[in-house]
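Worksheet: one structure, shown below.
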Amino acid sequence: MNITLRQKMNTQPHSESWSRRRFLRGVGDLTLGALASGQAALAQEGATSGQAPAIENNVLRVSLSPQDASLTVVDKRIGLVWRQQARPGFRVALDTMSIAPTSLSTKVVGEEGTYAVTLSFAKECPHAFDLQLEMPDQRYTSLPAYPFPFAAPEKSWYYVQNTSGEGILMPLEKAEEINKPFGWSGGQPWWGLTDLKRAMLARIDTFRKPDTKSDREDRTIYATPMRINYAFLTEGGYLGLAKEYRNYFLGLHPEMQPLQERVKDRPALASLKDGVYVYLWGENPAEDLKLVTEMKAAGIERGIAAFYGRHEIDRALCDGIKQLGWVVGRYQMPTGNLFHVSKNRGWPSALLTGRLEPEKLLANSNLSAWERVCGKQVLPAWMERANTSIRDYGVELFYFDTLVVQLAPCLHPDHPSTIEENQQARREIMRKTRELGMIIGSGEGICPTWALPDLDFFEGQMSLRTYADTPLKIPAGGYATDLGDDYQPQAAFTLDETRRIPLYQLGFHDYVAGTWVWRDTNYQSTPFAWKKDLLNILYGTMPMWHITSRLWESRKAKLVASYQNIASVRKRIGFAQMVGHGWLTADRSVQFTDWDTGDRVIVNFGDRPFERKPRELVPRRSFVIERAEGERPEATYPSSCCGQWTPRSTNSLGG
Ligand SMILES: [Zn+2]
């Protein structure tokens, strides 16, 4: 902020009308707090921000600068001061401020408008606070300029990002390489900063429509008021952040059962633990059954046979597959593509943010297409189709392509609904179908956590679509394409073991199965298949293949070896809770994951053998699974107060 503006602000009458008494009440505890702990930090912070209004508890002191409206957080446990990357042009309207012991409300004036801001502590969670942001006259917004993102205390820290699927750890020294920074476009709605020990998390708890494109710009739309939770950890790094979100989410959804529990009611679900997910592209049912029969005979013990609808399925095919111990699944898209409503791509976001008039869109839209976009309209007809499919063919699994992705408000005059209602209706489609005994999956562009209570697996969870996406047309032939070395640009992100981190698995491996996306299966590029297999092994996730007679014949030996390698590990940890992840070499080419079963998976992505114990080598591009004798792994991060996290004490693997 320039000096002229600051001087002008200080002479504004409203700043004088702000009650000095209230101010003193707000900072009254500061002296005691400073004496108690974090003295040096507080002194340093106080010197630079003056006597800013603040709220405080035993762990944190959160102050708001009247001059530039930035927040400063002191973590009193370790004396660490967190500041924000303030943008010029913002100030606090002090005459609107009210401070209570655990909350502070005020208006913040910025160049684009005035925000009503409330900061508050939750009693049960002293290492975090909530920020609510209201924007008058605006129901939805793109990422607002306020609140500012927190800045890392030092340059050597990392940005912890949830992409559309898995996590990525981006060095802040190369901040320009981060796509969609400091927004919530990912599958899990949080981002963080860490030096691999200390960390902060920014989580959004209100509705958003994520931008799933693979580029830097973030077109995510947010419902207002926005509510953001900021949490501060003294240790645990990105593992602690992942667990922080897990605890929060499982606390919100006590009805959620681990996958292992779900098998009791739906035995076929056990295939998600160690099976392979296979799209079959034969010419007819007989050819596909012949293929699965051969695969089984060759050693592909368990699999999910997914049918896109290239040919109609029949009872003989489905019964035959089930007799082989595989699962019969159908690709379905009960909800339609948004572009059928209007050719104006991106119309939902334009509509929500007021760039597009509802009347204008409706007048130029395909009226019948709204019936497919509107979740409530879809439900009854879909349930009828689902029941038929189950009765006639004995289908056991449905994959709902893009159901959790293509959300929109409905403008149809007979059944208008908001985008939030649309989301709820889509949850109901999944829930009601699952109640028929089905295994339910969705995904493609993003794997949003709001869907977790209603589904069993995600396609696309292993992807990092925020950074890269394969330009293949499927089903229009692309399934048979081997991208070969042309895959290199995508591999630079998707398969970069130095930056990938298993944030989704650390959060929810025991609650949702994950795999790749059908444009990017394990063998979409043969030269890179080994690396995808190793990522499946390290993360305990499901491989995905496309199969035709030709693909099976030409890759048989590789596929069988790949299956057996991955299954050997997933048989042990396929439904387990991931309790740790780390690197064993400085170049991160050797990594491990720890599991609540006591197992440790070690993967060597490198080109040299790794000596894990004297004379015990992990060969290049290989893996081992070892079991800790006697004791179970300790979590390397603190259990959070927002829902106690403890490793499950029994080896509950089934199957
Ligand atoms: Zn509708």
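Numbering starts fresh at 1 for the residues of each chain in the structure tokens, the chains themselves are lettered A, B, ... in the order given, and ligands are numbered from 1 as they appear.
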
(request) With only C-alpha atoms and all ligand atoms counted, collect every polymer residue having an atom within 6 Å of ligand 1; state the result as a PyMOL selection string. (result) chain A and resi 374+410+412+415-417

May I have the residues from that selection written out with N, CA and C atoms, as a PDB file, in the first residue's frame?
ATOM      1  N   CYS A 374     -30.753 -32.222 -15.503  1.00  0.00           N
ATOM      2  CA  CYS A 374     -31.441 -32.012 -14.232  1.00  0.00           C
ATOM      3  C   CYS A 374     -31.516 -33.342 -13.459  1.00  0.00           C
ATOM      4  N   CYS A 410     -30.575 -25.827 -13.289  1.00  0.00           N
ATOM      5  CA  CYS A 410     -31.568 -26.157 -14.316  1.00  0.00           C
ATOM      6  C   CYS A 410     -32.498 -24.969 -14.505  1.00  0.00           C
ATOM      7  N   HIS A 412     -35.079 -25.142 -16.773  1.00  0.00           N
ATOM      8  CA  HIS A 412     -36.337 -25.564 -17.384  1.00  0.00           C
ATOM      9  C   HIS A 412     -37.511 -25.007 -16.584  1.00  0.00           C
ATOM     10  N   HIS A 415     -39.224 -27.306 -14.010  1.00  0.00           N
ATOM     11  CA  HIS A 415     -38.498 -27.887 -12.860  1.00  0.00           C
ATOM     12  C   HIS A 415     -37.162 -27.183 -12.644  1.00  0.00           C
ATOM     13  N   PRO A 416     -37.196 -25.885 -12.381  1.00  0.00           N
ATOM     14  CA  PRO A 416     -35.935 -25.157 -12.156  1.00  0.00           C
ATOM     15  C   PRO A 416     -35.258 -25.637 -10.870  1.00  0.00           C
ATOM     16  N   SER A 417     -33.942 -25.600 -10.853  1.00  0.00           N
ATOM     17  CA  SER A 417     -33.223 -25.932  -9.615  1.00  0.00           C
ATOM     18  C   SER A 417     -31.865 -25.247  -9.620  1.00  0.00           C
TER      19      SER A 417
END

(request) Write out as a ChimeraX atom specification which residues come within 6 Å of A:Tyr115 when counting only C-alpha atoms, dropping same-chain ones fewer than 2 positions away. (result) /A:107-108,134-135

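Nearest residue to A:Leu538 among A:Val81, A:Met462, A:Ala561, A:Leu362 is A:Met462, counting only C-alpha atoms.
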
(request) Using only C-alpha atoms, pick whichever of A:Glu611, A:Asp587, A:Asp392, A:Glu283 has the shortest atom-to-atom distance to A:Phe307. (result) A:Glu283

(message) Give me, as a list in words, all polymer residues having an atom no more than 10 Å from A:Trp518, counting only C-alpha atoms and skipping those fewer than 5 positions away in the same chain.
(response) Val278, Tyr279, Glu444, Glu459, Gly460, Thr470, Leu472, Lys473, Ile474, Pro475, Gly478, Tyr479, Gln524, Met544, Trp545 and His546 of chain A

Restricted to N, CA and C atoms, what would the selected residues look like written as a PDB file, in the first residue's frame?
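Generated output (selection-v8.pdb):
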ATOM      1  N   VAL A 278     -11.161 -53.410 -16.453  1.00  0.00           N
ATOM      2  CA  VAL A 278     -10.916 -53.652 -17.882  1.00  0.00           C
ATOM      3  C   VAL A 278     -12.096 -53.193 -18.743  1.00  0.00           C
ATOM      4  N   TYR A 279     -11.838 -52.284 -19.658  1.00  0.00           N
ATOM      5  CA  TYR A 279     -12.839 -51.971 -20.673  1.00  0.00           C
ATOM      6  C   TYR A 279     -12.679 -52.958 -21.826  1.00  0.00           C
ATOM      7  N   GLU A 444     -13.932 -39.046 -13.985  1.00  0.00           N
ATOM      8  CA  GLU A 444     -13.508 -38.595 -15.307  1.00  0.00           C
ATOM      9  C   GLU A 444     -12.752 -37.277 -15.139  1.00  0.00           C
ATOM     10  N   GLU A 459     -12.952 -43.250 -11.285  1.00  0.00           N
ATOM     11  CA  GLU A 459     -12.060 -43.251 -12.441  1.00  0.00           C
ATOM     12  C   GLU A 459     -11.417 -41.867 -12.492  1.00  0.00           C
ATOM     13  N   GLY A 460     -10.139 -41.835 -12.806  1.00  0.00           N
ATOM     14  CA  GLY A 460      -9.451 -40.549 -12.925  1.00  0.00           C
ATOM     15  C   GLY A 460      -8.763 -40.106 -11.646  1.00  0.00           C
ATOM     16  N   THR A 470      -4.609 -36.611 -21.557  1.00  0.00           N
ATOM     17  CA  THR A 470      -4.283 -37.238 -22.833  1.00  0.00           C
ATOM     18  C   THR A 470      -5.335 -36.890 -23.882  1.00  0.00           C
ATOM     19  N   LEU A 472      -6.966 -38.180 -26.289  1.00  0.00           N
ATOM     20  CA  LEU A 472      -7.463 -39.331 -27.048  1.00  0.00           C
ATOM     21  C   LEU A 472      -8.979 -39.294 -27.112  1.00  0.00           C
ATOM     22  N   LYS A 473      -9.522 -39.753 -28.214  1.00  0.00           N
ATOM     23  CA  LYS A 473     -10.978 -39.841 -28.365  1.00  0.00           C
ATOM     24  C   LYS A 473     -11.415 -41.272 -28.094  1.00  0.00           C
ATOM     25  N   ILE A 474     -12.122 -41.432 -26.986  1.00  0.00           N
ATOM     26  CA  ILE A 474     -12.635 -42.757 -26.634  1.00  0.00           C
ATOM     27  C   ILE A 474     -14.137 -42.618 -26.429  1.00  0.00           C
ATOM     28  N   PRO A 475     -14.965 -43.455 -26.988  1.00  0.00           N
ATOM     29  CA  PRO A 475     -14.626 -44.738 -27.592  1.00  0.00           C
ATOM     30  C   PRO A 475     -14.227 -44.689 -29.071  1.00  0.00           C
ATOM     31  N   GLY A 478      -9.742 -44.521 -29.818  1.00  0.00           N
ATOM     32  CA  GLY A 478      -8.560 -44.152 -29.035  1.00  0.00           C
ATOM     33  C   GLY A 478      -8.110 -45.200 -28.047  1.00  0.00           C
ATOM     34  N   TYR A 479      -9.021 -46.093 -27.671  1.00  0.00           N
ATOM     35  CA  TYR A 479      -8.639 -47.113 -26.689  1.00  0.00           C
ATOM     36  C   TYR A 479      -7.528 -48.013 -27.213  1.00  0.00           C
ATOM     37  N   GLN A 524      -1.587 -47.167 -22.079  1.00  0.00           N
ATOM     38  CA  GLN A 524      -1.849 -46.181 -23.127  1.00  0.00           C
ATOM     39  C   GLN A 524      -0.553 -45.782 -23.822  1.00  0.00           C
ATOM     40  N   MET A 544      -5.909 -50.077 -14.832  1.00  0.00           N
ATOM     41  CA  MET A 544      -6.985 -50.029 -15.827  1.00  0.00           C
ATOM     42  C   MET A 544      -6.428 -50.372 -17.201  1.00  0.00           C
ATOM     43  N   TRP A 545      -7.136 -51.256 -17.920  1.00  0.00           N
ATOM     44  CA  TRP A 545      -6.714 -51.653 -19.269  1.00  0.00           C
ATOM     45  C   TRP A 545      -7.864 -51.501 -20.254  1.00  0.00           C
ATOM     46  N   HIS A 546      -7.486 -51.322 -21.527  1.00  0.00           N
ATOM     47  CA  HIS A 546      -8.418 -51.540 -22.639  1.00  0.00           C
ATOM     48  C   HIS A 546      -8.051 -52.876 -23.272  1.00  0.00           C
TER      49      HIS A 546
END

(message) Which residues are close to A:Gln461, i.e. within 8 Å by only C-alpha atoms, leaving aside same-chain residues fewer than 4 positions away? Reply as a ChimeraX atom specification.
(response) /A:164-166,443,446-447,504,514-517

(request) For stretch 120-131 of chain A, work out the shell of residues within 6 Å, counting only C-alpha atoms and skipping chain neighbours fewer than 4 positions away, then give it as a PyMOL selection string. (result) chain A and resi 59+102-103+227-232+641-642

(request) Between A:Gln323, A:Thr418, A:Ser622, A:Asn522, single out the one closest to A:Val292, counting only C-alpha atoms. (result)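 That would be A:Gln323, the residue with the smallest distance to A:Val292.
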
Contacts of stretch 196-312 of chain A with stretch 572-577 of chain A up to 9 Å, shortest pair per row, only C-alpha atoms, as a Markdown table:
| residue | atom | partner | partner_atom | distance |
| --- | --- | --- | --- | --- |
| A:Pro258 | CA | A:Phe575 | CA | 8.0 |
| A:Leu259 | CA | A:Phe575 | CA | 6.3 |
| A:Gln260 | CA | A:Phe575 | CA | 6.0 |
| A:Ala270 | CA | A:Phe575 | CA | 8.9 |
| A:Leu272 | CA | A:Gly574 | CA | 7.7 |
| A:Lys273 | CA | A:Gly574 | CA | 4.4 |
| A:Asp274 | CA | A:Gly574 | CA | 6.0 |

(message) Using only C-alpha atoms, can you tell me which of A:Ser589, A:Gln85, A:Thr449, A:Thr597 comes closest to A:Leu71?
(response)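 Residue with the minimum atom-to-atom distance to A:Leu71: A:Gln85.
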
(message) Would you pick out the contacts of A:Pro285 at 12 Å or less, using only C-alpha atoms, so that residues sharing its chain but fewer than 2 positions from it are not included, and give the list as a ChimeraX atom specification?
(response) /A:280-283,287-292,305,307,309-321

(message) Using Å and a single decimal, report how far atom CA of A:Tyr146 sits from atom CA of A:Ile204.
(response) 13.7 Å
